file start.csv (CSV, C-alpha atoms and all ligand atoms)
chain,number,residue,atom,x,y,z
A,1153,MET,CA,51.0,42.1,-15.3
A,1154,ALA,CA,50.5,39.1,-17.6
A,1155,PHE,CA,51.1,35.5,-17.2
A,1156,VAL,CA,52.5,35.0,-20.7
A,1157,THR,CA,54.1,32.4,-22.9
A,1158,THR,CA,57.8,32.3,-23.5
A,1159,GLU,CA,57.4,33.0,-27.2
A,1160,GLN,CA,57.4,36.8,-27.3
A,1161,MET,CA,59.9,37.3,-24.5
A,1162,MET,CA,62.4,34.9,-26.2
A,1163,ALA,CA,61.9,36.4,-29.6
A,1164,ALA,CA,62.6,39.9,-28.2
A,1165,ALA,CA,65.7,38.6,-26.4
A,1166,ASP,CA,66.9,36.8,-29.6
A,1167,ARG,CA,66.4,40.0,-31.6
A,1168,GLU,CA,68.1,42.3,-29.2
A,1169,GLY,CA,71.0,40.1,-28.0
A,1170,TYR,CA,70.2,39.4,-24.4
A,1171,ALA,CA,68.7,36.3,-22.7
A,1172,ILE,CA,65.8,35.5,-20.4
A,1173,GLY,CA,66.7,34.0,-17.1
A,1174,ALA,CA,64.8,30.7,-16.5
A,1175,PHE,CA,64.8,29.7,-12.8
A,1176,ASN,CA,63.8,26.4,-11.4
A,1177,VAL,CA,61.5,26.7,-8.4
A,1178,GLU,CA,60.6,24.0,-5.8
A,1179,ASN,CA,58.2,25.7,-3.4
A,1180,MET,CA,56.0,28.8,-2.9
A,1181,GLU,CA,58.9,30.7,-1.3
A,1182,MET,CA,61.1,30.2,-4.4
A,1183,VAL,CA,58.3,31.3,-6.6
A,1184,MET,CA,57.8,34.5,-4.6
A,1185,ALA,CA,61.6,35.1,-4.4
A,1186,VAL,CA,62.1,34.8,-8.2
A,1187,VAL,CA,59.2,37.0,-9.1
A,1188,ARG,CA,60.3,39.6,-6.6
A,1189,ALA,CA,63.8,39.6,-8.1
A,1190,ALA,CA,62.3,40.0,-11.6
A,1191,GLU,CA,60.2,42.9,-10.5
A,1192,GLU,CA,63.1,44.7,-8.8
A,1193,MET,CA,65.1,44.3,-12.0
A,1194,ARG,CA,62.2,45.1,-14.3
A,1195,ALA,CA,63.0,41.8,-16.2
A,1196,PRO,CA,60.7,39.4,-18.0
A,1197,VAL,CA,61.2,36.0,-16.3
A,1198,ILE,CA,60.6,32.3,-16.7
A,1199,LEU,CA,59.9,30.0,-13.7
A,1200,GLN,CA,60.2,26.3,-14.4
A,1201,THR,CA,59.7,22.9,-12.8
A,1202,THR,CA,61.4,19.5,-13.5
A,1203,PRO,CA,59.5,16.2,-13.5
A,1204,SER,CA,60.8,15.4,-10.0
A,1205,THR,CA,59.6,18.8,-8.7
A,1206,VAL,CA,56.3,18.1,-10.3
A,1207,LYS,CA,56.2,14.7,-8.5
A,1208,TYR,CA,56.8,16.5,-5.2
A,1209,ALA,CA,53.8,18.8,-5.3
A,1210,GLY,CA,51.9,18.3,-8.5
A,1211,LEU,CA,51.5,20.5,-11.6
A,1212,PRO,CA,48.4,22.4,-10.3
A,1213,MET,CA,50.2,23.5,-7.2
A,1214,TYR,CA,53.1,25.1,-9.1
A,1215,TYR,CA,50.6,26.5,-11.6
A,1216,ALA,CA,48.5,28.1,-8.9
A,1217,ASN,CA,51.5,29.6,-7.2
A,1218,VAL,CA,53.0,31.0,-10.3
A,1219,LYS,CA,49.7,32.3,-11.7
A,1220,ALA,CA,49.0,34.1,-8.4
A,1221,ALA,CA,52.5,35.6,-8.3
A,1222,ALA,CA,52.2,36.6,-12.0
A,1223,LYS,CA,48.9,38.3,-11.5
A,1224,LYS,CA,50.3,40.6,-8.9
A,1225,ALA,CA,53.6,41.1,-10.7
A,1226,SER,CA,54.4,44.2,-12.8
A,1227,VAL,CA,56.7,42.2,-15.2
A,1228,PRO,CA,55.9,39.3,-17.7
A,1229,VAL,CA,56.0,35.9,-16.0
A,1230,ALA,CA,56.0,32.5,-17.8
A,1231,LEU,CA,55.7,29.0,-16.4
A,1232,HIS,CA,57.7,26.3,-18.2
A,1233,LEU,CA,57.9,22.5,-17.9
A,1234,ASP,CA,61.6,21.8,-17.7
A,1235,HIS,CA,62.8,18.4,-19.2
A,1236,GLY,CA,59.3,17.1,-19.9
A,1237,SER,CA,60.1,13.4,-19.8
A,1238,SER,CA,57.1,12.0,-21.8
A,1239,PHE,CA,54.4,13.0,-24.2
A,1240,GLU,CA,51.9,12.4,-21.4
A,1241,LEU,CA,53.6,14.7,-18.9
A,1242,ALA,CA,53.8,17.4,-21.6
A,1243,MET,CA,50.1,17.1,-22.2
A,1244,GLN,CA,49.3,17.2,-18.5
A,1245,ALA,CA,51.3,20.5,-18.2
A,1246,LEU,CA,49.5,21.9,-21.3
A,1247,ARG,CA,46.1,21.1,-19.8
A,1248,THR,CA,47.1,22.5,-16.4
A,1249,GLY,CA,47.9,25.8,-18.0
A,1250,TYR,CA,51.7,25.9,-18.2
A,1251,THR,CA,52.6,28.6,-20.7
A,1252,SER,CA,55.7,26.8,-22.1
A,1253,ILE,CA,56.7,23.2,-22.4
A,1254,MET,CA,60.0,21.3,-22.9
A,1255,ILE,CA,60.0,17.8,-24.2
A,1256,ASP,CA,63.3,16.2,-23.6
A,1257,GLY,CA,63.9,13.3,-26.0
A,1258,SER,CA,67.7,13.8,-26.0
A,1259,LYS,CA,68.3,10.3,-24.5
A,1260,GLU,CA,66.5,8.7,-27.5
A,1261,THR,CA,67.9,8.1,-31.0
A,1262,LEU,CA,67.7,11.1,-33.3
A,1263,GLU,CA,64.7,9.5,-35.0
A,1264,ASP,CA,62.8,8.9,-31.8
A,1265,ASN,CA,63.7,12.3,-30.4
A,1266,ILE,CA,62.3,13.9,-33.6
A,1267,ALA,CA,59.1,11.8,-33.4
A,1268,VAL,CA,58.2,12.6,-29.8
A,1269,THR,CA,59.2,16.2,-30.2
A,1270,ARG,CA,57.0,16.6,-33.3
A,1271,ARG,CA,54.1,15.0,-31.5
A,1272,VAL,CA,54.3,17.4,-28.6
A,1273,ALA,CA,54.8,20.5,-30.9
A,1274,ASP,CA,51.8,19.5,-33.0
A,1275,ALA,CA,49.7,19.0,-29.8
A,1276,CYS,CA,50.7,22.4,-28.3
A,1277,ARG,CA,50.5,24.5,-31.5
A,1278,PRO,CA,46.7,25.0,-31.5
A,1279,SER,CA,46.9,26.5,-28.0
A,1280,GLY,CA,49.8,28.7,-28.9
A,1281,ILE,CA,52.1,27.1,-26.3
A,1282,PRO,CA,55.8,27.1,-27.4
A,1283,VAL,CA,57.8,23.9,-27.2
A,1284,GLU,CA,61.5,23.6,-26.3
A,1285,ALA,CA,63.4,20.4,-27.1
A,1286,GLU,CA,67.0,19.2,-26.7
A,1287,LEU,CA,69.4,17.8,-29.2
A,1288,GLY,CA,72.7,16.4,-28.1
A,1289,LYS,CA,73.0,15.5,-24.4
A,1290,VAL,CA,73.7,18.0,-21.5
A,1291,GLY,CA,75.7,16.0,-19.0
A,1292,GLY,CA,75.5,16.0,-15.2
A,1293,LYS,CA,72.8,15.2,-12.7
A,1294,GLU,CA,69.7,17.2,-11.7
A,1295,ASP,CA,67.1,15.6,-9.5
A,1296,ASP,CA,66.2,12.2,-11.1
A,1297,LEU,CA,67.8,13.3,-14.4
A,1298,GLU,CA,71.2,11.9,-14.9
A,1299,CYS,CA,73.3,11.9,-18.0
A,1300,THR,CA,76.6,10.0,-17.9
A,1301,ASP,CA,77.3,10.0,-21.6
A,1302,PRO,CA,77.0,13.7,-22.7
A,1303,GLY,CA,77.3,14.5,-26.4
A,1304,TYR,CA,77.5,17.7,-28.3
A,1305,THR,CA,74.8,19.1,-30.5
A,1306,ASP,CA,75.6,18.4,-34.2
A,1307,PRO,CA,74.7,21.5,-36.3
A,1308,ASP,CA,73.6,19.4,-39.3
A,1309,ASP,CA,71.3,17.3,-37.1
A,1310,ALA,CA,70.0,20.6,-35.6
A,1311,VAL,CA,68.9,21.8,-39.0
A,1312,ARG,CA,67.0,18.6,-39.7
A,1313,PHE,CA,65.6,18.5,-36.1
A,1314,GLU,CA,64.2,22.1,-36.5
A,1315,ARG,CA,62.7,21.4,-39.9
A,1316,GLU,CA,61.1,18.1,-38.9
A,1317,THR,CA,59.7,19.0,-35.5
A,1318,GLY,CA,58.3,22.5,-35.6
A,1319,ILE,CA,59.9,23.4,-32.3
A,1320,SER,CA,59.9,27.0,-30.8
A,1321,SER,CA,63.3,26.8,-29.3
A,1322,LEU,CA,66.3,24.4,-29.0
A,1323,ALA,CA,68.4,23.5,-26.0
A,1324,VAL,CA,72.0,22.9,-27.2
A,1325,ALA,CA,74.7,20.7,-25.7
A,1326,ILE,CA,78.0,22.6,-25.9
A,1327,GLY,CA,79.8,21.4,-22.7
A,1328,THR,CA,77.6,22.7,-19.8
A,1329,ALA,CA,76.3,20.2,-17.3
A,1330,HIS,CA,73.5,20.1,-14.8
A,1331,GLY,CA,74.4,20.3,-11.1
A,1332,ILE,CA,77.8,21.1,-9.6
A,1333,TYR,CA,80.9,21.3,-11.7
A,1334,LYS,CA,84.1,19.6,-10.6
A,1335,GLY,CA,86.4,21.9,-12.6
A,1336,GLU,CA,85.7,24.9,-14.8
A,1337,PRO,CA,83.5,23.8,-17.7
A,1338,LYS,CA,85.0,24.0,-21.2
A,1339,LEU,CA,82.4,25.3,-23.6
A,1340,ASP,CA,82.5,24.8,-27.3
A,1341,VAL,CA,81.4,28.3,-28.2
A,1342,ASP,CA,82.4,27.9,-31.9
A,1343,ARG,CA,79.9,25.1,-32.1
A,1344,LEU,CA,77.3,27.4,-30.6
A,1345,SER,CA,78.0,30.1,-33.2
A,1346,GLU,CA,77.7,27.5,-36.0
A,1347,ILE,CA,74.3,26.2,-34.6
A,1348,ARG,CA,73.1,29.8,-34.3
A,1349,ARG,CA,74.1,30.4,-37.9
A,1350,VAL,CA,72.1,27.4,-39.3
A,1351,VAL,CA,69.1,27.3,-36.9
A,1352,LYS,CA,66.3,29.9,-36.9
A,1353,VAL,CA,64.6,29.3,-33.5
A,1354,PRO,CA,65.9,30.8,-30.3
A,1355,LEU,CA,68.6,28.7,-28.4
A,1356,VAL,CA,68.6,27.7,-24.8
A,1357,LEU,CA,71.6,27.1,-22.5
A,1358,HIS,CA,71.1,24.4,-19.7
A,1359,GLY,CA,73.3,23.8,-16.7
A,1360,ALA,CA,74.3,27.4,-16.1
A,1361,SER,CA,74.9,27.0,-12.3
A,1362,GLY,CA,78.6,27.2,-11.7
A,1363,VAL,CA,79.4,28.5,-15.2
A,1364,PRO,CA,81.5,31.7,-14.8
A,1365,ASP,CA,79.4,34.9,-15.6
A,1366,GLU,CA,81.7,35.9,-18.4
A,1367,ALA,CA,81.3,32.5,-20.1
A,1368,VAL,CA,77.5,32.8,-19.9
A,1369,ARG,CA,77.7,36.3,-21.4
A,1370,GLU,CA,79.9,34.9,-24.2
A,1371,CYS,CA,77.2,32.3,-24.9
A,1372,ILE,CA,74.5,35.0,-25.0
A,1373,ARG,CA,76.6,37.1,-27.4
A,1374,ARG,CA,76.9,34.0,-29.6
A,1375,GLY,CA,73.1,33.5,-29.7
A,1376,ILE,CA,71.7,32.0,-26.5
A,1377,SER,CA,68.2,33.6,-25.6
A,1378,LYS,CA,67.3,31.6,-22.5
A,1379,VAL,CA,69.6,30.5,-19.7
A,1380,ASN,CA,68.5,27.9,-17.1
A,1381,PHE,CA,69.6,28.1,-13.5
A,1382,ALA,CA,68.6,25.5,-10.9
A,1383,THR,CA,71.3,24.2,-8.6
A,1384,GLU,CA,72.5,27.6,-7.4
A,1385,LEU,CA,69.0,28.6,-6.4
A,1386,ARG,CA,68.5,25.4,-4.4
A,1387,ILE,CA,71.8,26.1,-2.6
A,1388,ALA,CA,70.9,29.7,-2.0
A,1389,TYR,CA,67.5,28.8,-0.5
A,1390,SER,CA,68.9,26.0,1.7
A,1391,ASN,CA,71.8,28.2,2.9
A,1392,GLY,CA,69.4,30.9,4.0
A,1393,VAL,CA,67.3,28.4,5.9
A,1394,LYS,CA,70.4,26.7,7.4
A,1395,GLU,CA,72.0,29.9,8.5
A,1396,PHE,CA,68.9,31.2,10.2
A,1397,LEU,CA,68.3,27.9,12.0
A,1398,LYS,CA,71.9,27.8,13.1
A,1399,ALA,CA,71.6,31.2,14.6
A,1400,ASN,CA,68.2,30.5,16.0
A,1401,PRO,CA,68.1,26.8,16.9
A,1402,ASP,CA,64.8,27.2,18.8
A,1403,ALA,CA,62.9,28.8,15.9
A,1404,PHE,CA,59.9,26.9,14.8
A,1405,ASP,CA,58.0,29.4,12.5
A,1406,PRO,CA,58.5,28.4,8.9
A,1407,LYS,CA,57.8,32.0,7.9
A,1408,LYS,CA,60.9,33.1,9.7
A,1409,TYR,CA,63.4,30.9,8.0
A,1410,GLY,CA,61.5,30.9,4.8
A,1411,ALA,CA,61.9,34.7,4.6
A,1412,VAL,CA,65.7,34.3,4.8
A,1413,GLY,CA,65.7,31.6,2.2
A,1414,MET,CA,63.7,33.9,-0.1
A,1415,GLN,CA,66.0,36.8,0.5
A,1416,TYR,CA,69.0,34.7,-0.6
A,1417,VAL,CA,67.2,33.5,-3.7
A,1418,THR,CA,66.1,37.0,-4.6
A,1419,GLU,CA,69.7,38.3,-4.4
A,1420,LEU,CA,71.1,35.5,-6.5
A,1421,VAL,CA,68.4,35.8,-9.2
A,1422,LYS,CA,69.0,39.6,-9.4
A,1423,GLU,CA,72.7,38.8,-10.1
A,1424,LYS,CA,71.7,36.2,-12.8
A,1425,ILE,CA,69.3,38.6,-14.4
A,1426,LYS,CA,72.2,41.1,-14.7
A,1427,VAL,CA,74.4,38.4,-16.3
A,1428,CYS,CA,71.6,37.6,-18.8
A,1429,GLY,CA,71.2,41.3,-19.7
A,1430,SER,CA,67.4,41.2,-19.2
A,1431,GLU,CA,67.4,44.0,-16.7
A,1432,ASN,CA,64.9,46.8,-17.7
A,1433,LYS,CA,63.5,44.7,-20.6
A,1434,ALA,CA,60.1,44.1,-19.1
B,1,LIG,P1,71.9,23.9,-13.2
B,1,LIG,O1,71.3,23.1,-12.1
B,1,LIG,O2,73.2,23.5,-13.6
B,1,LIG,O3,71.7,25.3,-13.0
B,1,LIG,O4,71.0,23.5,-14.5
B,1,LIG,C1,69.7,24.0,-14.7
B,1,LIG,C2,69.0,23.5,-15.9
B,1,LIG,O5,69.6,23.4,-16.9
B,1,LIG,C3,67.6,23.2,-15.7
B,1,LIG,O6,67.1,22.6,-16.8
call {"tool": "encode", "arguments": {"input": "start.csv", "output": "structure tokens", "more": "lines below"}}
Ligand code: 13P
result
Amino acid sequence: MAFVTTEQMMAAADREGYAIGAFNVENMEMVMAVVRAAEEMRAPVILQTTPSTVKYAGLPMYYANVKAAAKKASVPVALHLDHGSSFELAMQALRTGYTSIMIDGSKETLEDNIAVTRRVADACRPSGIPVEAELGKVGGKEDDLECTDPGYTDPDDAVRFERETGISSLAVAIGTAHGIYKGEPKLDVDRLSEIRRVVKVPLVLHGASGVPDEAVRECIRRGISKVNFATELRIAYSNGVKEFLKANPDAFDPKKYGAVGMQYVTELVKEKIKVCGSENKA
């Protein structure tokens, strides 16, 4: 089926009250595993790469992998740049063929965040590529991205941000964090409802690894249309590989342990798709 943008799938999710699962991938095996899970669940799906993932193998490598998997797949598949760290990287992803782009100016002042986001949105619009941006700061650590001074999204700022940038979707900071949580996260779901009330574009939840399923569902009920999962996929893939190699210390064929890593990722992604409610929405 089609290699698509995130626009239509997120609009449908927003309208019908479910969310699209967005899964960070690091290698070919994780790409295959996520697409396989989406097919088994008949779910539209987003695969995404962070700047440090892009540094590892390059935008064209992930593009080629996801494009090939999407071409064979029977469900809609999108490829998204997660946490695009500069205008230049966003433009490289656009030229490479990514079908969705995030520009993350959340560490900047509100004015500078608006300026860089508007620049990226203006540049992507002629090609019909949707742009996600972040307002407020999602805490925690993911790859090279670290935020030690998280801050919640202010609904009034969100109204201005949407109006002045022309974004397609907005990532909100409501108490989730990237990476592993030390305790159970406390989410400000009333703030989420208020943002949903005043902002028109679909909303995105970052940092969903380790958030209890019921809390993710509550966020979806209150207006989240895309949920990002990264750390739990990395752990699942690595656990599969480690367990295989522990049981088979003499193994040397990457296909053998890769297959187990993939199986672990596929099972996890199927669970997350259920939590998102996107099963049978392809
Ligand atoms: P987690 O690593 O907490 O799942 O966060 C994923 C994310 O938000 C990617 O942008």
call {"tool": "closest_atom_pairs", "arguments": {"input": "start.csv", "of": "segment 1160-1215 of chain A", "to": "segment 1233-1239 of chain A", "cutoff": "7 Å", "atoms": "all atoms listed in the file", "output": "JSON lines"}}
result
{"residue": "A:Gln1200", "atom": "CA", "partner": "A:Leu1233", "partner_atom": "CA", "distance": 5.7}
{"residue": "A:Thr1201", "atom": "CA", "partner": "A:Asp1234", "partner_atom": "CA", "distance": 5.4}
{"residue": "A:Thr1202", "atom": "CA", "partner": "A:Asp1234", "partner_atom": "CA", "distance": 4.8}
{"residue": "A:Pro1203", "atom": "CA", "partner": "A:Gly1236", "partner_atom": "CA", "distance": 6.5}
call {"tool": "atom_distance", "arguments": {"input": "start.csv", "atom1": "atom CA of Leu1246 of chain A", "atom2": "atom CA of Pro1302 of chain A"}}
result
28.7 Å
call {"tool": "residues_near_ligand", "arguments": {"input": "start.csv", "ligand": "ligand LIG 1 (chain B)", "cutoff": "10 Å", "atoms": "all atoms listed in the file", "output": "PyMOL selection string"}}
result
chain A and resi 1174-1176+1200-1202+1233-1235+1254+1290-1295+1297+1323+1328-1333+1356-1363+1379-1387
call {"tool": "closest_residue", "arguments": {"input": "start.csv", "among": "A:Glu1260, A:Glu1286, A:Asp1306, A:Asp1405", "to": "Ser1321 of chain A", "atoms": "all atoms listed in the file"}}
result
A:Glu1286
call {"tool": "closest_residue", "arguments": {"input": "start.csv", "among": "A:Cys1371, A:Val1156, A:Val1311, A:Leu1199", "to": "Gly1327 of chain A", "atoms": "only C-alpha atoms"}}
result
A:Cys1371
call {"tool": "residues_around", "arguments": {"input": "start.csv", "residues": "Glu1314 of chain A", "least_positions_apart": "4", "cutoff": "12 Å", "atoms": "all atoms listed in the file", "output": "ChimeraX atom specification"}}
result
/A:1262,1265-1267,1269-1270,1273,1283-1287,1307-1310,1318-1323,1347-1348,1350-1355
call {"tool": "residues_around", "arguments": {"input": "start.csv", "residues": "Asn1217 of chain A", "least_positions_apart": "4", "cutoff": "9 Å", "atoms": "only C-alpha atoms", "output": "JSON, numbers by chain"}}
result
{"A": [1179, 1180, 1183, 1184, 1212, 1213, 1221, 1222]}
call {"tool": "atom_distance", "arguments": {"input": "start.csv", "atom1": "atom CA of Ala1225 of chain A", "atom2": "atom CA of Val1187 of chain A"}}
result
7.1 Å
call {"tool": "closest_residue", "arguments": {"input": "start.csv", "among": "A:Ala1220, A:Ala1275, A:Ala1434, A:Glu1240", "to": "Gln1160 of chain A", "atoms": "only C-alpha atoms"}}
result
A:Ala1434
call {"tool": "atom_distance", "arguments": {"input": "start.csv", "atom1": "atom CA of Gly1249 of chain A", "atom2": "atom CA of Leu1211 of chain A"}}
result
9.1 Å
call {"tool": "closest_residue", "arguments": {"input": "start.csv", "among": "A:Phe1155, A:Phe1313, A:Tyr1250, A:Tyr1170", "to": "Lys1378 of chain A", "atoms": "all atoms listed in the file"}}
result
A:Tyr1170
